[in-house]
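Single-structure report; data block below.
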Amino acid sequence: MIRVANERNDIELTVEVGDIEEGARIAKRYEDEDFDAILSRGGTKLEIQKVTSKPVFEIPISHFDLLNIIKLLENYTGKVGIIAYENIAKSTRVLCEILHYNYSIFVIDSWNDARKKVQMLKDSGYSLIVGDTVSVAYAEQLGIQSMLLISGAESISQAFDNVVTVCNYYSRLKIEDAFFQAYIHGREATILAMDESGNVAFSTYSDEKKSLLGVCRNMIPAIRVGETAVAHKKLAGGLFMISGNKSRLMGTTYYFFNIQRNRLGLSYLSGFKSVEVYNYDDFQTQNWDNLFLSRSSWQGMLKRCDTIAKSQTPVLIIGEPGSEKEKVAAKIYRDSTGGHNPFYVVNCATLAERELGSLLNNENSPIYALHGTVHFKGIHMLDPGLFEKLLDGLQRMMQMLRSRMIFTYEIRSSHTEEKQDVYRCDTVKTRIGCVEIHLPPLRECTGDIPNLSVLYIHRQNRVNGMQIVGLEPEAISILENYSWPQNINQLQRVLNEAMLLTDSPWITAKSIRQILSEEKVSSAASSGGTQINIKQPLSGIIYDAAMMVLAEENMNQVKTAKRLGISRTTLWRLLHKNPGG
């Protein structure tokens, strides 16, 4: 081997000599050395393969090598036994048949087997053993003549050629793999591959999160049918976007996933600043359930929500300001079959035209995410152009959408806005195929106010360490007769302020009157008017009418009194002595 290697310039050879057992120990010592391959022969090669990760090549015994030793045996007059592993024994048997030699050939499958065979041949009167190193060694120990099966220069040269060919090929692969590894580990995204059973076949994860692996496994059925899929997962470490596709490699289908974390660790999607992402768990910690579900007037509507949640039908939720539209949307998400997939909230108030274009056309958009729920919050905030563009895009892409659509719409009070509200709501229902959920205003559910007040006070007592025992009966009556233009949100705000201002165990009617009076002035100034509850006493109706005129006159009491045909003194008394406020 050394002589043949010295005649070549493509081999750098290190030679160690040893039998089967020692050969395996030598290979272990060289495991961490920079060798490309190991050459050995027969049983030693088989044992070395068990203990090394390096490729092990066979030094062959060619037919020419066997022929040399068989011809040499012609002149030997004693009893000859040939011991070899199956591949050598088979070639030797063929040559002996061709040349009409009748040598005894014995097959072994391990070095232990060789010892038994040599002992057996000695007991049977054989005087010469032909075999590999271990067989010859045992023969010498037992005092039997032996001849070693030798690989000639041509066989060794052939082995070197095989090593060079294979190692050159794998050297190129190693370089390509090094580039590939540098590329994928240098990216911010994680690459993951799974087989058909969802087992990880390849991963660049240093710390594989089971929840992310679960998301990937759940995507496989969709990828199997649709080629690509997108999903998102919100974890403590941030928001992750997962895109997947499939490919066949060496006759096997694999599912490849690109997992990318939002670098800023924020809850909105990268590239979609108007889109926030929530998980089912985000709503489990909220304390609004008892308050939200306690409204007796809502029981029919809540039952309808439960039925709708179990379908994939798009939903349009309509209600006045503060009527808990967003909570109804979240409830439908939580109760749906997609409740353990992300909940995307698109804030239409901040949605720009460019971002809307990405939302409709980018394959990483949440509307194409797998089994997600997309809530378009406040579509009344879109200008007419963006409103039409949104509906055109969704209608065009309906067959491609994999997420459920929920729209919330806030009804306003002016006559001009009422016409626009009717048009937009009808348009959404017709073009997107939405079912409608119309939330009743609080002024139509005054019977809920006492229960809602008790539950809210109890919750605030627990949170803030207070000991408010309730409201005076007159205070409850005042609350029931108020118009509540901002609905449940306004009720909670009023109760919260009343609890903060109260220095006794009871919230008094006086406190409620004062707070509601300020609420009415503030509401009128900010909204340009308020709705009139015709179910309240006449004094309350007159008060609300005066407040609407006062708002229209920019809080100018002189002009307001003139328009109403009353004196400023009468207006002042009306504003400060209203029994409902």
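By order of appearance in the structure tokens: chains A, B, ..., then residues from 1 within every chain, and ligands from 1 in the order shown.
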Item to check | alpha helix (DSSP H) positions in range 24-273 of chain A, given as a PyMOL selection string | outcome: chain A and resi 24-29+42-49+63-72+86-99+111-123+133-141+153-186+210-226
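In this comparison, which uses only C-alpha atoms, the residue of A:Leu249, A:Thr570, A:Arg41, A:Tyr333 approaching Ala201 in chain A most closely is A:Leu249.
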Checklist entry - Counting only C-alpha atoms, what is within 10 Å of range 216-220 of chain A, bar same-chain residues fewer than 3 positions away, as a ChimeraX atom specification? => result /A:192-200,210-213,223-231,242-246,254-259,370-371
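Using only C-alpha atoms, the protein and nucleic acid residues lying no more than 6 Å from range 559-563 of chain A, apart from those fewer than 4 places from it along its own chain, are Leu550, Ser567 and Arg568 of chain A.
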Find the nearest atom pair between each residue of range 144-205 of chain A and range 101-123 of chain A for residues within 12 Å, count only C-alpha atoms, give distances in Å to one decimal, sort rows by chain and ascending number, and present the table as JSON lines.
{"residue": "A:Ile144", "atom": "CA", "partner": "A:Lys122", "partner_atom": "CA", "distance": 7.3}
{"residue": "A:Gln145", "atom": "CA", "partner": "A:Lys122", "partner_atom": "CA", "distance": 10.3}
{"residue": "A:Ser146", "atom": "CA", "partner": "A:Val118", "partner_atom": "CA", "distance": 10.5}
Output file for the residues above (C-alpha atoms, as a PDB file, in the first residue's frame):
ATOM      1  CA  ILE A 144      -0.625 -25.291  11.312  1.00  0.00           C
ATOM      2  CA  GLN A 145       1.026 -24.020   8.124  1.00  0.00           C
ATOM      3  CA  SER A 146      -0.741 -20.977   6.623  1.00  0.00           C
TER       4      SER A 146
END
Checklist entry - Got a sec: who's within 9 Å of Ala475 in chain A, counting only C-alpha atoms, leaving out chain neighbours fewer than 6 positions off, as a ChimeraX atom specification? => result /A:507-513
Filtering to C-alpha atoms, could you give me those residues as a PDB file, in the first residue's frame?
ATOM      1  CA  ILE A 507     -73.220  55.718  45.594  1.00  0.00           C
ATOM      2  CA  THR A 508     -75.667  58.581  45.916  1.00  0.00           C
ATOM      3  CA  ALA A 509     -78.141  59.973  43.412  1.00  0.00           C
ATOM      4  CA  LYS A 510     -76.433  63.342  43.752  1.00  0.00           C
ATOM      5  CA  SER A 511     -73.118  61.891  42.555  1.00  0.00           C
ATOM      6  CA  ILE A 512     -74.780  60.220  39.579  1.00  0.00           C
ATOM      7  CA  ARG A 513     -76.608  63.445  38.611  1.00  0.00           C
TER       8      ARG A 513
END
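The interatomic distance for the pair CA of Ile20 in chain A and CA of Ser40 in chain A works out to 9.9 Å.
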Based on the backbone DSSP call, show me all residues of range 84-252 of chain A assigned strand (DSSP E or B), as a compact mmCIF listing (two decimals) with N, CA and C atoms, in the first residue's frame.
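Now in out.txt:
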# COMPACT_ATOMS: atom_id res chain seq x y z
N ALA A 84 -12.67 -18.07 4.31
CA ALA A 84 -12.87 -16.70 3.83
C ALA A 84 -14.31 -16.25 4.10
N TYR A 85 -14.49 -14.95 4.11
CA TYR A 85 -15.84 -14.40 4.19
C TYR A 85 -16.59 -14.70 2.89
N SER A 104 -11.06 -27.44 -0.41
CA SER A 104 -12.16 -27.25 0.55
C SER A 104 -12.26 -25.77 0.93
N ILE A 105 -13.46 -25.20 0.77
CA ILE A 105 -13.67 -23.76 1.03
C ILE A 105 -14.69 -23.63 2.16
N PHE A 106 -14.33 -22.86 3.20
CA PHE A 106 -15.17 -22.70 4.37
C PHE A 106 -15.52 -21.21 4.56
N VAL A 107 -16.80 -20.96 4.76
CA VAL A 107 -17.28 -19.56 4.89
C VAL A 107 -17.39 -19.20 6.37
N ILE A 108 -16.90 -18.00 6.71
CA ILE A 108 -17.04 -17.49 8.07
C ILE A 108 -17.80 -16.15 8.03
N LEU A 128 -2.63 -27.18 5.89
CA LEU A 128 -2.39 -25.82 5.38
C LEU A 128 -3.69 -25.04 5.40
N ILE A 129 -3.64 -23.87 6.00
CA ILE A 129 -4.81 -22.98 6.05
C ILE A 129 -4.52 -21.77 5.17
N VAL A 130 -5.43 -21.47 4.25
CA VAL A 130 -5.35 -20.26 3.43
C VAL A 130 -6.49 -19.34 3.88
N GLY A 131 -6.15 -18.10 4.26
CA GLY A 131 -7.22 -17.21 4.72
C GLY A 131 -6.73 -15.80 4.97
N GLN A 145 0.47 -24.85 9.18
CA GLN A 145 1.03 -24.02 8.12
C GLN A 145 -0.09 -23.12 7.56
N SER A 146 0.28 -21.91 7.13
CA SER A 146 -0.74 -20.98 6.62
C SER A 146 -0.21 -20.14 5.48
N MET A 147 -1.15 -19.65 4.67
CA MET A 147 -0.85 -18.71 3.58
C MET A 147 -1.88 -17.58 3.63
N LEU A 148 -1.39 -16.38 3.59
CA LEU A 148 -2.26 -15.19 3.70
C LEU A 148 -2.80 -14.81 2.33
N THR A 190 -35.95 30.41 10.77
CA THR A 190 -35.60 29.03 11.07
C THR A 190 -36.18 28.13 9.97
N ILE A 191 -35.38 27.16 9.56
CA ILE A 191 -35.82 26.20 8.55
C ILE A 191 -36.13 24.88 9.25
N LEU A 192 -37.28 24.31 8.88
CA LEU A 192 -37.70 23.06 9.49
C LEU A 192 -38.29 22.16 8.41
N ALA A 193 -37.97 20.88 8.44
CA ALA A 193 -38.52 19.92 7.49
C ALA A 193 -39.12 18.75 8.26
N MET A 194 -40.30 18.31 7.81
CA MET A 194 -40.98 17.18 8.44
C MET A 194 -41.36 16.16 7.39
N VAL A 200 -39.65 15.39 12.70
CA VAL A 200 -38.67 16.37 12.25
C VAL A 200 -37.54 15.64 11.53
N ALA A 201 -37.36 15.98 10.23
CA ALA A 201 -36.29 15.39 9.44
C ALA A 201 -35.07 16.30 9.38
N PHE A 202 -35.28 17.60 9.54
CA PHE A 202 -34.18 18.57 9.51
C PHE A 202 -34.65 19.82 10.23
N SER A 203 -33.74 20.45 10.95
CA SER A 203 -34.11 21.66 11.68
C SER A 203 -32.87 22.48 11.98
N THR A 228 -49.08 25.33 -0.62
CA THR A 228 -48.48 26.32 0.29
C THR A 228 -49.48 26.68 1.39
N ALA A 229 -48.98 27.19 2.50
CA ALA A 229 -49.85 27.63 3.60
C ALA A 229 -49.07 28.60 4.47
N VAL A 230 -49.82 29.49 5.14
CA VAL A 230 -49.23 30.48 6.04
C VAL A 230 -49.98 30.43 7.35
N ALA A 231 -49.24 30.53 8.47
CA ALA A 231 -49.86 30.57 9.79
C ALA A 231 -49.02 31.47 10.68
N HIS A 232 -49.60 31.87 11.80
CA HIS A 232 -48.89 32.71 12.77
C HIS A 232 -49.10 32.13 14.16
N LYS A 233 -48.13 32.36 15.04
CA LYS A 233 -48.23 31.89 16.42
C LYS A 233 -47.62 32.94 17.34
N LYS A 234 -48.39 33.34 18.32
CA LYS A 234 -47.92 34.32 19.28
C LYS A 234 -47.48 33.60 20.55
N LEU A 235 -46.20 33.75 20.91
CA LEU A 235 -45.63 33.11 22.09
C LEU A 235 -44.98 34.17 22.96
N GLY A 238 -42.35 36.27 21.31
CA GLY A 238 -42.72 37.16 20.22
C GLY A 238 -43.72 36.52 19.29
N LEU A 239 -43.91 37.16 18.15
CA LEU A 239 -44.86 36.71 17.15
C LEU A 239 -44.10 35.99 16.03
N PHE A 240 -44.53 34.78 15.70
CA PHE A 240 -43.86 33.98 14.69
C PHE A 240 -44.75 33.84 13.47
N MET A 241 -44.15 34.01 12.29
CA MET A 241 -44.85 33.75 11.04
C MET A 241 -44.29 32.47 10.44
N ILE A 242 -45.17 31.56 10.04
CA ILE A 242 -44.76 30.25 9.53
C ILE A 242 -45.35 30.08 8.14
N SER A 243 -44.49 29.88 7.16
CA SER A 243 -44.93 29.58 5.80
C SER A 243 -44.43 28.19 5.43
N GLY A 244 -45.26 27.42 4.78
CA GLY A 244 -44.90 26.04 4.48
C GLY A 244 -45.19 25.65 3.05
N ASN A 245 -44.42 24.71 2.54
CA ASN A 245 -44.68 24.11 1.23
C ASN A 245 -44.14 22.69 1.26
N LYS A 246 -44.36 21.98 0.17
CA LYS A 246 -43.90 20.60 0.14
C LYS A 246 -43.00 20.37 -1.06
N SER A 247 -42.18 19.31 -0.96
CA SER A 247 -41.26 18.96 -2.04
C SER A 247 -40.91 17.49 -1.90
N ARG A 248 -40.56 16.89 -3.04
CA ARG A 248 -40.13 15.49 -3.02
C ARG A 248 -38.61 15.43 -3.08
N LEU A 249 -38.04 14.62 -2.23
CA LEU A 249 -36.60 14.48 -2.15
C LEU A 249 -36.28 12.99 -2.04
N THR A 252 -39.22 10.76 -1.56
CA THR A 252 -40.03 10.95 -0.36
C THR A 252 -40.53 12.38 -0.29
Checklist entry - Which polymer residues have any atom within 7 Å of an atom of Asn341 in chain A, counting only C-alpha atoms, with same-chain residues fewer than 3 positions away left out, as number ranges by chain? => result A: 279, 338, 371-372
Which polymer residues have any atom within 10 Å of an atom of range 45-57 of chain A, counting only C-alpha atoms, with same-chain residues fewer than 3 positions away left out, as a compact mmCIF listing (two decimals) with C-alpha atoms, in the first residue's frame?
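What ended up in part_20.txt:
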# COMPACT_ATOMS: atom_id res chain seq x y z
CA ILE A 20 -9.63 -7.37 13.70
CA GLU A 21 -9.92 -6.31 17.34
CA GLU A 22 -6.97 -3.95 17.19
CA GLY A 23 -8.18 -2.48 13.88
CA ALA A 24 -11.40 -1.26 15.51
CA ARG A 25 -9.45 0.31 18.39
CA ILE A 26 -7.09 2.05 15.93
CA ALA A 27 -10.06 3.45 13.98
CA LYS A 28 -11.50 4.93 17.17
CA ARG A 29 -8.23 6.72 17.91
CA TYR A 30 -8.30 8.37 14.48
CA GLU A 31 -12.00 9.33 14.63
CA ASP A 32 -11.29 13.00 15.40
CA PHE A 35 -8.94 11.82 7.44
CA ASP A 36 -11.37 11.53 4.54
CA ALA A 37 -11.63 7.75 4.47
CA ILE A 38 -10.40 4.44 5.93
CA LEU A 39 -9.27 1.41 3.89
CA SER A 40 -9.29 -2.07 5.29
CA ARG A 41 -10.17 -5.60 4.32
CA GLY A 42 -12.37 -8.55 5.23
CA PRO A 60 -10.43 -6.00 -2.72
CA ASP A 109 -19.11 -14.49 9.21
CA SER A 110 -17.04 -13.27 12.18
CA TRP A 111 -13.59 -13.48 13.66
CA ALA A 159 -9.12 0.74 -3.95
CA PHE A 160 -7.26 4.05 -4.07
CA ASN A 162 -12.46 4.28 -5.55
CA VAL A 163 -11.48 6.37 -2.53
CA VAL A 166 -15.91 9.12 -3.92
CA CYS A 167 -14.04 11.55 -1.69
Item to check | Using only C-alpha atoms: which of A:Asp281, A:Glu154, A:Asp448, A:Asp34 has the shortest distance to Trp298 in chain A | outcome: A:Asp448
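Separating CA of Cys434 in chain A from CA of Tyr280 in chain A is a distance of 23.2 Å.
Among the candidate residues A:Leu471, A:Ala236, A:Ile437, A:Ala178, the one lying nearest to Met301 in chain A is A:Ile437, with distances computed using only C-alpha atoms.
From CA of Lys429 in chain A back to CA of Asp335 in chain A, the distance works out to 22.0 Å.
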